[in-house]
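For reference, the structure is listed below as structure tokens.
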Number of protein chains: 4
Amino acid sequence: MAMLEKNFRSDNVAPVAPEIMAALVETNRGTDASYGADHTTERARQAFAALFETELWMQPAATGTAANALCLSVIAPPFGAIYCSATAHISDSECGAGEFFTGGAKIVQLPAKHGKIDPAALEQALATAGKGQQHKVQPAALSITEANERGVVYSVNEVRKLAAIAKAHGLKVHMDGTRFANAIAALGCSPADLTWRAGVDILSFGATKNGAMGAEAVIVFRRELAAELGFRARRAGQVFSKMRYVSTQLEAMLRDGLWLRLAGQANRMGARLAAGLAGVPGVTLLDPAEINEIFCIMPQGLIESLKEDGFGLADRGGGQVRFVTAFTMQPADIDFLIAAAQAHAKRLGLKPQPALVKA
Amino acid sequence: MAMLEKNFRSDNVAPVAPEIMAALVETNRGTDASYGADHTTERARQAFAALFETELWMQPAATGTAANALCLSVIAPPFGAIYCSATAHISDSECGAGEFFTGGAKIVQLPAKHGKIDPAALEQALATAGKGQQHKVQPAALSITEANERGVVYSVNEVRKLAAIAKAHGLKVHMDGTRFANAIAALGCSPADLTWRAGVDILSFGATKNGAMGAEAVIVFRRELAAELGFRARRAGQVFSKMRYVSTQLEAMLRDGLWLRLAGQANRMGARLAAGLAGVPGVTLLDPAEINEIFCIMPQGLIESLKEDGFGLADRGGGQVRFVTAFTMQPADIDFLIAAAQAHAKRLGLKPQPALVKA
Amino acid sequence: MAMLEKNFRSDNVAPVAPEIMAALVETNRGTDASYGADHTTERARQAFAALFETELWMQPAATGTAANALCLSVIAPPFGAIYCSATAHISDSECGAGEFFTGGAKIVQLPAKHGKIDPAALEQALATAGKGQQHKVQPAALSITEANERGVVYSVNEVRKLAAIAKAHGLKVHMDGTRFANAIAALGCSPADLTWRAGVDILSFGATKNGAMGAEAVIVFRRELAAELGFRARRAGQVFSKMRYVSTQLEAMLRDGLWLRLAGQANRMGARLAAGLAGVPGVTLLDPAEINEIFCIMPQGLIESLKEDGFGLADRGGGQVRFVTAFTMQPADIDFLIAAAQAHAKRLGLKPQPALVKA
Amino acid sequence: MAMLEKNFRSDNVAPVAPEIMAALVETNRGTDASYGADHTTERARQAFAALFETELWMQPAATGTAANALCLSVIAPPFGAIYCSATAHISDSECGAGEFFTGGAKIVQLPAKHGKIDPAALEQALATAGKGQQHKVQPAALSITEANERGVVYSVNEVRKLAAIAKAHGLKVHMDGTRFANAIAALGCSPADLTWRAGVDILSFGATKNGAMGAEAVIVFRRELAAELGFRARRAGQVFSKMRYVSTQLEAMLRDGLWLRLAGQANRMGARLAAGLAGVPGVTLLDPAEINEIFCIMPQGLIESLKEDGFGLADRGGGQVRFVTAFTMQPADIDFLIAAAQAHAKRLGLKPQPALVKA
């Protein structure tokens, strides 16, 4: 019998999906052109075009941060402002990559509820940004994380609405899709509807957290943005000499819907975990559980007990905890964690709490 | 019987060594910490420390360009000058990555013979650089490529001499070791002797061209340079969430001398190819053949004939051709190319040429 | 009789003080060395050293923005975070100069009351900044504007307290002294006490708004920060070939206390204006009036009436207005504005309001 | 009797022309809008449009380096290559300003004779630049210095020819006109013919070396390049709050041909100096004397003797010396220097040399 998986710290602690490993082994035959001129990269590009039902340009990248920063670098000038949620990864967790790749643009956080940008806050920010005033950085781009950093998903209409505001002010729209697969799996909509048809100009498509080894893709929906992307990627050390090994991961992800099967499994385990945690005395969910990330608040004693049991979790301080489920997890893994939490709650004499914090 | 390998275009068209693939498969078990806090990365770091017989810091990177540019970013300020050979990859073939990562330092090419920096030219450049004059970018670093871009290797003494000049002027010394394994295999010296003991402060250690999938390492020999490296790497999108899959390639490379076995095989095939080409009428080697890169000049008719045969080569224009051998090649691959070249030379009525161009 | 001055839009609409013009004319004799090696620049440097009672380095700059951005560039790395007030000019009104000069550092706004940084907010921000975590930009500097962007002055103790917090976390401390003269005139303390003795490492000393033509000075109190300042200034196009004409403005400012006479006059006119406005029905001051900038809220009808009269003011929208007094103004100028406002208020039937908004 | 002027070190050691000082004094009345919205700046802009017989945008800048770097920043992307002469100030003497303002573009030196770019060398560089290849920085701009760093002037036809090559390859053309006035005075052509009619897109128009206090102008001949110039200037700390004092210098320069009178006088003194030096035994001119800069080679003993006499000159080492004449100089100043040189040459027993070095 396999060991139960106890590491809920992040989806990037998980291993690589067997289908991806198989693709890597399969690709490892003979020679092929380097720096992206290979056959695998071309096939992956075509697979993305088919998936998104449109002409597009696809540029592989090493990490989600690189994909995001490359996207920003082609839609915002050095004197530009990039608007995002107050919880956005590009603002908070990428050590200033966006500032670096753009040559010093300003990333402006907007108030958000459950990680979602408030359209009124975006309108307000743009109205007072001082467009055309030389003292002010100039509004250039909107970045939407889908699914977002609180594990919450924008609906197609919500993306449309934000993008429409952005477009009305001349901004380009970026989508940070590190967990795009989880969002599509949750929404059940078409990738095209959630992106270019809704107004998204450029997308960071994540595969690593969804079971790849190390593969992200910049998807460019507007031809004119692609022109300088290759040079910026090359200059950023993001053009792999043996690119076929990155591209094959992407191609394998898209083949036969693997990306949605993996994300769907992670999401289902997320839902199961959220339902279970909501029933543990002393635990309150901080955000709706829509994908594979569960944010909750719980007494420090419970947190410590789970850590002592060997469970991996992200302790954010102040009783805030993040659990992430991965495609590798099965119901038994979730249930084992919940059972442990229930036992500790009982021992600690914790009392029932509201299931979800009112925002 | 296996097909003969006809692709001599570059060593990065080659596949991944079986030992590296095996390491990747082996690593793909269970979960481990992300962003470099994993066990594999720690073991790889220790393996490098053992190899170089000193305390050091090791930071994995996605590509050789990224490794080089990260190195430069911690040894040269934005107002700095970085000296290198006229044929240096950092100056000519990385789309300005060094300028990008340093915030705009100037990369200064020095005259070189067979790709080697002339110590007198370095002395001269430093003497007239205007140190302390505010109009002038300030001498900050020397970058030595080992083995270099013409397939030629600096001896330990040559590295020592250049580094000593640099140190006397207060410069830091970087070694671009994209083909460091080939250099060590050629020289037979210890990695420590060719680097920190000779005055090298920071090294880009290449593995990708030598049979890895995509793995380079920044090796820092001076503790004070390591402090900001992690932040610069993170900000450059070079810190992999599943870093263990990069680190395992590095660890496997160092295990049981694999890196030298692979590079040694590539070098031997390079030598065989050079010897063969030197005997083909109409062909003249441009540089001594010391590793796995062979540069020669030949009539355009011969070049075209080889291309028509399906041989991969790098046609640099003006009759200049580069052939690169890889660890995958065997004597039969080399001999097949030489036989084809001989036959074409005969058919074309080519006449014998000097074996090596006089510099 | 001279015309009354009706332009309260900013202190930089004012002309150059006669003493400064005289100094420029006086300097305009014969030749002198260029790029700052001249006698005038050396004398100005010594005058600053005397004023601040310490060894220091002084580098002239063209504009306040240049002075600020140069300061930030030597105290924060590209991956650094610079903390400032939510109303800070460096964050809001310099088109990203700080990001540009630092190579992409992040400028982080802290909550402020009357433009003053709340020490507790600074503590909180530093405690949660993720020092040492590679995902996070690293706390590097604190920037205090003195007097600040709301026309309010930090006491020496307040500067000391903020600087002590910064120092405890390893940050360097910058003071944006665009209106430093107004602050010293208001506080009556010594320049040394308000700066280096309180923990300030580097100061932008403003002269332009105080009656110079175009002259700011970067004052460096820590020798090790001066080393790269000259190169950064040169590279930023801030080293004037005829620097003596900038330096003579600075020297003249410091001679015989001119800087404090000019700032004192502007401050007195500011106080007179604030007192007058507080007595106008419908007008409420938004901040204590401590220097020469008066922020208030008033009905739009009153704003428009004053504009129609030809008064210059900064209409910030939503009824918020800024008036700035300059060294050129006399009581009659102030009284004329107040009389006009009183007349309009009466005509518009405005009602008395609290003199100062409760924060 | 006025003292003779003995300082030939540079034209920027000279004082400000009386007409410029008068304009500054004249401008110093009342208030006017700040940051370039003033009446003087608008008039200066119109004066430039009249001078160049075309619509244009004019942006004042603090220094020649700032003007150059701003120009480059709007015509070259961070991954661009900027071609210039091997003696170009932007490459050699601005501490990397071009790299800084462009975000890391590469400045590529081309072989030059008497400081003039060889058209064939430009063709050759562009033919082998690797346009479209992602490993290579992409050809973006040509920068021509007029008059150049060797005191030599391109003819209108020479500018046309270089610009035509640049345009054929899609490059933008910058002219570094630090001594543009000297060039026009020497050529006697119209400013329009030497710039936009010849293919120049953007010009750094220098006034400081020609008698201004500190005033340069970026002249933009292509409307689409002007859009982001203001933001880049603001962000670089180059937008003066009291801009009228810069603009009035520019306006005064253009009024009644002052700029050409001043440059003409400097040029005539240059010609007189060159003729005189050519007749001094032991002295050889290195470049044709076309403006106010004279480069020559002479025995070190002669150099030292002139220094001991108190003459200012730029000793470039190896016997190379630069003398620069300014608008302030009169024939007696020149003759005094020549007489001194003749006397030293006689005393030192120097022998006649060719008047001009063969290139």
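Convention: chains lettered A, B, ... in structure tokens order; per-chain residue numbering from 1; ligands numbered from 1 as shown.
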Restrict the distance test to only C-alpha atoms, flag each residue of chain D within 8 Å of chain C, and return the flagged residues as a PyMOL selection string.
-> chain D and resi 7+12-16+21+25+28-34+62-67+69+94-97+100-101+208+213-214+231+234-242+245
So which residues touch region 157-161 of chain C within 10 Å, counting only C-alpha atoms, skipping near sequence neighbours fewer than 2 positions away, as an MDAnalysis selection string?
-> chainID C and resid 116:119 144:146 153:155 163:167 173 175 193:200
List every residue of region 21-61 of chain C that DSSP, applied to the backbone, labels as strand (DSSP E or B), and write the result as an mmCIF file with N, CA and C atoms, in the first residue's frame.
```
data_model
loop_
_atom_site.group_PDB
_atom_site.id
_atom_site.type_symbol
_atom_site.label_atom_id
_atom_site.label_comp_id
_atom_site.auth_asym_id
_atom_site.auth_seq_id
_atom_site.Cartn_x
_atom_site.Cartn_y
_atom_site.Cartn_z
ATOM 1 N N TRP C 57 29.926 64.783 1.711
ATOM 2 C CA TRP C 57 30.136 64.937 0.287
ATOM 3 C C TRP C 57 28.905 65.615 -0.284
ATOM 4 N N MET C 58 29.123 66.537 -1.196
ATOM 5 C CA MET C 58 28.005 67.249 -1.802
ATOM 6 C C MET C 58 28.087 67.103 -3.311
ATOM 7 N N GLN C 59 26.987 66.719 -3.904
ATOM 8 C CA GLN C 59 26.923 66.558 -5.361
ATOM 9 C C GLN C 59 25.741 67.382 -5.868
ATOM 10 N N PRO C 60 25.990 68.418 -6.670
ATOM 11 C CA PRO C 60 24.875 69.199 -7.204
ATOM 12 C C PRO C 60 24.019 68.361 -8.161
ATOM 13 N N ALA C 61 22.753 68.694 -8.259
ATOM 14 C CA ALA C 61 21.852 68.000 -9.186
ATOM 15 C C ALA C 61 20.914 69.015 -9.825
#
```
Which residues in region 247-352 of chain C does DSSP call alpha helix (DSSP H)? List them as JSON, numbers by chain.
-> {"C": [247, 248, 249, 250, 251, 252, 253, 254, 258, 259, 260, 261, 262, 263, 264, 265, 266, 267, 268, 269, 270, 271, 272, 273, 274, 275, 276, 277, 278, 300, 301, 302, 303, 304, 305, 306, 307, 308, 331, 332, 333, 334, 335, 336, 337, 338, 339, 340, 341, 342, 343, 344, 345, 346, 347, 348]}
Take the selection from the previous step and output its residues with C-alpha atoms, as a PDB file, in the first residue's frame.
```pdb
ATOM      1  CA  SER C 247      27.209  75.583  -7.240  1.00  0.00           C
ATOM      2  CA  THR C 248      27.214  79.342  -6.969  1.00  0.00           C
ATOM      3  CA  GLN C 249      23.488  79.258  -6.366  1.00  0.00           C
ATOM      4  CA  LEU C 250      24.007  76.811  -3.528  1.00  0.00           C
ATOM      5  CA  GLU C 251      26.869  78.841  -2.072  1.00  0.00           C
ATOM      6  CA  ALA C 252      24.835  82.035  -2.251  1.00  0.00           C
ATOM      7  CA  MET C 253      21.921  80.328  -0.557  1.00  0.00           C
ATOM      8  CA  LEU C 254      24.017  79.369   2.433  1.00  0.00           C
ATOM      9  CA  LEU C 258      19.871  83.680   2.967  1.00  0.00           C
ATOM     10  CA  TRP C 259      18.211  80.263   2.757  1.00  0.00           C
ATOM     11  CA  LEU C 260      16.548  80.744   6.135  1.00  0.00           C
ATOM     12  CA  ARG C 261      15.552  84.332   5.457  1.00  0.00           C
ATOM     13  CA  LEU C 262      13.811  83.288   2.250  1.00  0.00           C
ATOM     14  CA  ALA C 263      12.169  80.242   3.794  1.00  0.00           C
ATOM     15  CA  GLY C 264      11.196  82.201   6.885  1.00  0.00           C
ATOM     16  CA  GLN C 265       9.417  84.781   4.766  1.00  0.00           C
ATOM     17  CA  ALA C 266       7.581  82.083   2.819  1.00  0.00           C
ATOM     18  CA  ASN C 267       6.595  80.360   6.045  1.00  0.00           C
ATOM     19  CA  ARG C 268       5.309  83.553   7.626  1.00  0.00           C
ATOM     20  CA  MET C 269       3.194  84.237   4.575  1.00  0.00           C
ATOM     21  CA  GLY C 270       1.960  80.641   4.771  1.00  0.00           C
ATOM     22  CA  ALA C 271       0.907  81.115   8.381  1.00  0.00           C
ATOM     23  CA  ARG C 272      -0.837  84.368   7.529  1.00  0.00           C
ATOM     24  CA  LEU C 273      -2.633  82.698   4.644  1.00  0.00           C
ATOM     25  CA  ALA C 274      -3.703  79.727   6.765  1.00  0.00           C
ATOM     26  CA  ALA C 275      -5.037  81.985   9.497  1.00  0.00           C
ATOM     27  CA  GLY C 276      -6.911  83.999   6.935  1.00  0.00           C
ATOM     28  CA  LEU C 277      -8.375  81.001   5.129  1.00  0.00           C
ATOM     29  CA  ALA C 278      -9.464  79.411   8.401  1.00  0.00           C
ATOM     30  CA  GLN C 300     -16.199  74.336  -5.800  1.00  0.00           C
ATOM     31  CA  GLY C 301     -18.015  77.662  -6.303  1.00  0.00           C
ATOM     32  CA  LEU C 302     -15.454  79.421  -4.193  1.00  0.00           C
ATOM     33  CA  ILE C 303     -12.604  77.733  -6.031  1.00  0.00           C
ATOM     34  CA  GLU C 304     -13.978  78.813  -9.381  1.00  0.00           C
ATOM     35  CA  SER C 305     -14.548  82.368  -8.185  1.00  0.00           C
ATOM     36  CA  LEU C 306     -10.933  82.665  -7.083  1.00  0.00           C
ATOM     37  CA  LYS C 307      -9.730  81.259 -10.400  1.00  0.00           C
ATOM     38  CA  GLU C 308     -11.905  83.781 -12.240  1.00  0.00           C
ATOM     39  CA  PRO C 331       1.340  90.555   3.699  1.00  0.00           C
ATOM     40  CA  ALA C 332      -0.589  92.630   1.196  1.00  0.00           C
ATOM     41  CA  ASP C 333      -0.561  89.751  -1.285  1.00  0.00           C
ATOM     42  CA  ILE C 334      -1.998  87.425   1.308  1.00  0.00           C
ATOM     43  CA  ASP C 335      -4.547  89.869   2.550  1.00  0.00           C
ATOM     44  CA  PHE C 336      -5.751  90.568  -0.964  1.00  0.00           C
ATOM     45  CA  LEU C 337      -6.442  86.852  -1.528  1.00  0.00           C
ATOM     46  CA  ILE C 338      -8.218  86.512   1.808  1.00  0.00           C
ATOM     47  CA  ALA C 339     -10.339  89.565   1.144  1.00  0.00           C
ATOM     48  CA  ALA C 340     -11.388  88.160  -2.187  1.00  0.00           C
ATOM     49  CA  ALA C 341     -12.236  84.802  -0.624  1.00  0.00           C
ATOM     50  CA  GLN C 342     -14.252  86.475   2.113  1.00  0.00           C
ATOM     51  CA  ALA C 343     -16.211  88.466  -0.428  1.00  0.00           C
ATOM     52  CA  HIS C 344     -16.985  85.402  -2.518  1.00  0.00           C
ATOM     53  CA  ALA C 345     -17.965  83.384   0.544  1.00  0.00           C
ATOM     54  CA  LYS C 346     -20.393  86.078   1.554  1.00  0.00           C
ATOM     55  CA  ARG C 347     -21.849  86.328  -1.915  1.00  0.00           C
ATOM     56  CA  LEU C 348     -22.168  82.531  -2.112  1.00  0.00           C
TER      57      LEU C 348
END
```
Skipping near chain neighbours, those fewer than 4 positions away, what residues fall within 12 Å of Gln320 (chain D) using only C-alpha atoms, listed as a PyMOL selection string?
-> chain D and resi 283-287+294-300+302-303+313-316
